[in-house]
$ cat work.cif   # mmCIF, C-alpha atoms
data_work
loop_
_atom_site.group_PDB
_atom_site.id
_atom_site.type_symbol
_atom_site.label_atom_id
_atom_site.label_comp_id
_atom_site.auth_asym_id
_atom_site.auth_seq_id
_atom_site.Cartn_x
_atom_site.Cartn_y
_atom_site.Cartn_z
ATOM 1 C CA MET Z 136 -54.908 -60.886 -90.445
ATOM 2 C CA SER Z 137 -52.371 -62.193 -87.956
ATOM 3 C CA ARG Z 138 -52.512 -61.608 -84.245
ATOM 4 C CA PRO Z 139 -49.981 -59.315 -82.572
ATOM 5 C CA GLU Z 140 -47.020 -61.094 -80.959
ATOM 6 C CA VAL Z 141 -46.046 -60.736 -77.309
ATOM 7 C CA LYS Z 142 -42.305 -60.219 -76.856
ATOM 8 C CA GLU Z 143 -42.198 -59.266 -73.168
ATOM 9 C CA LEU Z 144 -44.092 -59.939 -69.941
ATOM 10 C CA LEU Z 145 -46.673 -57.645 -68.400
ATOM 11 C CA GLU Z 146 -45.099 -56.043 -65.354
ATOM 12 C CA THR Z 147 -46.109 -57.470 -61.979
ATOM 13 C CA GLY Z 148 -48.455 -55.091 -60.167
ATOM 14 C CA SER Z 149 -49.409 -53.183 -63.318
ATOM 15 C CA ILE Z 150 -53.102 -52.505 -63.989
ATOM 16 C CA HIS Z 151 -54.645 -53.071 -67.432
ATOM 17 C CA THR Z 152 -58.146 -52.967 -68.887
ATOM 18 C CA SER Z 153 -59.726 -56.079 -70.375
ATOM 19 C CA PRO Z 154 -59.892 -56.356 -74.183
ATOM 20 C CA GLY Z 155 -63.617 -55.503 -74.062
ATOM 21 C CA GLY Z 156 -63.163 -52.748 -71.492
ATOM 22 C CA GLN Z 157 -65.635 -54.241 -68.992
ATOM 23 C CA TYR Z 158 -63.180 -54.609 -66.126
ATOM 24 C CA SER Z 159 -59.591 -53.934 -65.114
ATOM 25 C CA PHE Z 160 -57.054 -56.386 -63.764
ATOM 26 C CA ARG Z 161 -53.861 -56.190 -61.721
ATOM 27 C CA VAL Z 162 -51.123 -58.588 -62.816
ATOM 28 C CA ILE Z 163 -49.841 -60.888 -60.060
ATOM 29 C CA GLY Z 164 -47.452 -62.746 -62.389
ATOM 30 C CA PRO Z 165 -47.151 -65.023 -65.421
ATOM 31 C CA CYS Z 166 -48.360 -68.612 -65.116
ATOM 32 C CA CYS Z 167 -49.031 -71.708 -67.222
ATOM 33 C CA ARG Z 168 -52.572 -72.837 -67.898
ATOM 34 C CA LEU Z 169 -52.510 -76.582 -67.310
ATOM 35 C CA PHE Z 170 -54.962 -79.315 -68.213
ATOM 36 C CA ASP Z 171 -55.680 -81.758 -65.360
ATOM 37 C CA ARG Z 172 -56.313 -85.223 -66.801
ATOM 38 C CA GLU Z 173 -57.792 -86.377 -63.487
ATOM 39 C CA GLU Z 174 -60.748 -84.069 -64.146
ATOM 40 C CA LEU Z 175 -61.784 -86.024 -67.248
ATOM 41 C CA PRO Z 176 -65.158 -87.706 -66.750
ATOM 42 C CA TRP Z 177 -65.085 -91.474 -66.364
ATOM 43 C CA PRO Z 178 -65.294 -93.530 -68.576
ATOM 44 C CA CYS Z 179 -64.832 -90.994 -71.392
ATOM 45 C CA CYS Z 180 -61.073 -90.740 -70.797
ATOM 46 C CA ARG Z 181 -59.758 -93.371 -73.190
ATOM 47 C CA LEU Z 182 -56.126 -92.340 -73.028
ATOM 48 C CA ALA Z 183 -54.514 -95.772 -73.423
ATOM 49 C CA TRP Z 184 -55.495 -98.643 -75.687
ATOM 50 C CA ARG Z 185 -54.532 -102.277 -75.297
ATOM 51 C CA SER Z 186 -55.580 -104.734 -77.935
ATOM 52 C CA LYS Z 187 -59.083 -103.883 -79.174
ATOM 53 C CA GLU Z 188 -60.531 -102.596 -75.904
ATOM 54 C CA PRO Z 189 -59.796 -99.261 -74.247
ATOM 55 C CA SER Z 190 -57.959 -99.188 -70.955
ATOM 56 C CA TRP Z 191 -59.397 -96.900 -68.311
ATOM 57 C CA ARG Z 192 -55.986 -96.307 -66.777
ATOM 58 C CA ARG Z 193 -54.713 -92.778 -67.262
ATOM 59 C CA VAL Z 194 -51.227 -92.931 -68.750
ATOM 60 C CA GLY Z 195 -48.606 -90.194 -68.560
ATOM 61 C CA ARG Z 196 -48.414 -86.949 -66.648
ATOM 62 C CA ARG Z 197 -51.416 -85.705 -64.719
ATOM 63 C CA PHE Z 198 -50.878 -82.049 -65.668
ATOM 64 C CA VAL Z 199 -50.060 -81.117 -69.262
ATOM 65 C CA ALA Z 200 -50.010 -77.751 -71.011
ATOM 66 C CA ASP Z 201 -53.489 -76.747 -72.135
ATOM 67 C CA LEU Z 202 -53.339 -76.866 -75.943
ATOM 68 C CA ALA Z 203 -55.989 -74.155 -76.292
ATOM 69 C CA ALA Z 204 -53.888 -71.647 -74.317
ATOM 70 C CA ARG Z 205 -50.370 -72.768 -75.261
ATOM 71 C CA ARG Z 206 -49.726 -70.015 -77.816
ATOM 72 C CA CYS Z 207 -51.181 -67.193 -75.706
ATOM 73 C CA PRO Z 208 -49.892 -65.589 -72.492
ATOM 74 C CA SER Z 209 -51.637 -66.484 -69.211
ATOM 75 C CA TYR Z 210 -51.337 -64.457 -66.030
ATOM 76 C CA ALA Z 211 -52.441 -64.847 -62.452
ATOM 77 C CA VAL Z 212 -54.478 -61.673 -61.996
ATOM 78 C CA GLU Z 213 -56.732 -59.879 -59.586
ATOM 79 C CA LEU Z 214 -59.940 -58.719 -61.305
ATOM 80 C CA LEU Z 215 -60.860 -55.170 -60.346
ATOM 81 C CA GLN Z 216 -64.559 -54.793 -61.059
ATOM 82 C CA PRO Z 217 -66.384 -51.632 -60.099
ATOM 83 C CA GLY Z 218 -68.587 -52.170 -57.054
ATOM 84 C CA SER Z 219 -67.239 -55.586 -56.057
ATOM 85 C CA ARG Z 220 -64.296 -57.119 -54.232
ATOM 86 C CA PRO Z 221 -61.105 -57.955 -56.164
ATOM 87 C CA THR Z 222 -61.153 -61.589 -57.346
ATOM 88 C CA ALA Z 223 -58.018 -63.676 -57.989
ATOM 89 C CA THR Z 224 -58.116 -65.817 -61.144
ATOM 90 C CA VAL Z 225 -56.072 -66.889 -64.174
ATOM 91 C CA LEU Z 226 -56.582 -64.841 -67.331
ATOM 92 C CA THR Z 227 -55.417 -65.954 -70.788
ATOM 93 C CA LEU Z 228 -55.016 -63.210 -73.375
ATOM 94 C CA PHE Z 229 -56.277 -65.030 -76.486
ATOM 95 C CA PRO Z 230 -56.229 -61.958 -78.800
ATOM 96 C CA VAL Z 231 -52.386 -62.033 -78.821
ATOM 97 C CA HIS Z 232 -49.844 -64.789 -79.517
ATOM 98 C CA LEU Z 233 -46.500 -65.452 -77.873
ATOM 99 C CA SER Z 234 -43.394 -65.028 -80.024
ATOM 100 C CA ARG Z 235 -41.386 -68.241 -80.576
ATOM 101 C CA GLU Z 236 -38.839 -67.256 -77.922
ATOM 102 C CA MET Z 237 -41.545 -66.415 -75.395
ATOM 103 C CA GLN Z 238 -43.448 -69.638 -76.098
ATOM 104 C CA GLU Z 239 -40.250 -71.653 -75.581
ATOM 105 C CA TRP Z 240 -39.669 -69.916 -72.236
ATOM 106 C CA TRP Z 241 -43.322 -70.179 -71.149
ATOM 107 C CA TYR Z 242 -43.966 -73.848 -71.989
ATOM 108 C CA SER Z 243 -40.490 -75.354 -72.346
ATOM 109 C CA ARG Z 244 -39.977 -79.068 -71.745
ATOM 110 C CA HIS Z 245 -36.208 -78.760 -71.293
ATOM 111 C CA PRO Z 246 -34.941 -79.532 -67.762
ATOM 112 C CA SER Z 247 -32.865 -76.325 -67.714
ATOM 113 C CA SER Z 248 -36.088 -74.286 -67.948
ATOM 114 C CA MET Z 249 -37.143 -75.525 -64.511
ATOM 115 C CA VAL Z 250 -34.224 -73.811 -62.779
ATOM 116 C CA ALA Z 251 -35.520 -71.409 -60.132
ATOM 117 C CA SER Z 252 -33.456 -68.516 -61.528
ATOM 118 C CA ASN Z 253 -35.259 -68.748 -64.890
ATOM 119 C CA ARG Z 254 -38.017 -66.292 -63.910
ATOM 120 C CA ASP Z 255 -37.654 -63.797 -66.737
ATOM 121 C CA PRO Z 256 -37.288 -64.602 -70.457
ATOM 122 C CA GLN Z 257 -35.077 -61.558 -71.040
ATOM 123 C CA GLN Z 258 -32.688 -62.631 -68.287
ATOM 124 C CA LYS Z 259 -30.108 -64.974 -69.812
ATOM 125 C CA THR Z 260 -28.676 -67.658 -67.527
ATOM 126 C CA PRO Z 261 -24.884 -67.962 -67.719
ATOM 127 C CA ALA Z 262 -23.548 -71.040 -69.499
ATOM 128 C CA ALA Z 263 -21.769 -73.477 -67.196
#
$ encode --input "work.cif" --output "structure tokens"
Amino acid sequence: MSRPEVKELLETGSIHTSPGGQYSFRVIGPCCRLFDREELPWPCCRLAWRSKEPSWRRVGRRFVADLAARRCPSYAVELLQPGSRPTATVLTLFPVHLSREMQEWWYSRHPSSMVASNRDPQQKTPAA
């Protein structure tokens, strides 16, 4: 059985219930879940090898897309739990997958995707 595909964003400010129904959340906006390589424990972070011995230098970007959450939408949300204060956090909706177009918009490596006007995947930027 395949997971349902997400083809549009959850609306900012909308309130939804969690998949298990234990709490509700208010959407602040879409975000990327990133993996911080600086948080790897030393010396277990063998990310570069020279000759036969590992190098402890971390090579490449510090923040990279989290592979576990790359195919699923992540949102900055405010958890609305009964009897407690709202809590801001990042929530990844693992039960659903992003469509190919949405995944390209969400985690694109192309420089044009970093343009400030590229805030909505349905909004097409004019070709120059």
$ atom_distance --input "work.cif" --atom1 "CA of Glu239 (chain Z)" --atom2 "CA of Ser252 (chain Z)"
15.9 Å
$ resolve_selection --input "work.cif" --expression "the PyMOL selection byres ((chain Z and resi 142) around 6)" --output "number ranges by chain"
Z: 141, 143, 234
$ atom_distance --input "work.cif" --atom1 "CA of Gly195 (chain Z)" --atom2 "CA of Thr224 (chain Z)"
27.2 Å
$ resolve_selection --input "work.cif" --expression "the PyMOL selection byres ((chain Z and resi 198) around 9)" --output "tab-separated table (two decimals) with C-alpha atoms, in the frame of the given file"
chain	number	residue	atom	x	y	z
Z	169	LEU	CA	-52.51	-76.58	-67.31
Z	170	PHE	CA	-54.96	-79.32	-68.21
Z	171	ASP	CA	-55.68	-81.76	-65.36
Z	172	ARG	CA	-56.31	-85.22	-66.80
Z	173	GLU	CA	-57.79	-86.38	-63.49
Z	195	GLY	CA	-48.61	-90.19	-68.56
Z	196	ARG	CA	-48.41	-86.95	-66.65
Z	197	ARG	CA	-51.42	-85.70	-64.72
Z	199	VAL	CA	-50.06	-81.12	-69.26
Z	200	ALA	CA	-50.01	-77.75	-71.01
Z	201	ASP	CA	-53.49	-76.75	-72.14
$ closest_residue --input "work.cif" --among "Z:Arg244, Z:His232, Z:Arg205, Z:Arg161" --to "Ser149 (chain Z)" --atoms "all atoms listed in the file"
Z:Arg161
$ closest_residue --input "work.cif" --among "Z:Gly148, Z:Pro154, Z:Pro139, Z:Pro256" --to "Thr227 (chain Z)" --atoms "all atoms listed in the file"
Z:Pro154
$ atom_distance --input "work.cif" --atom1 "CA of Val212 (chain Z)" --atom2 "CA of Ile163 (chain Z)"
5.1 Å
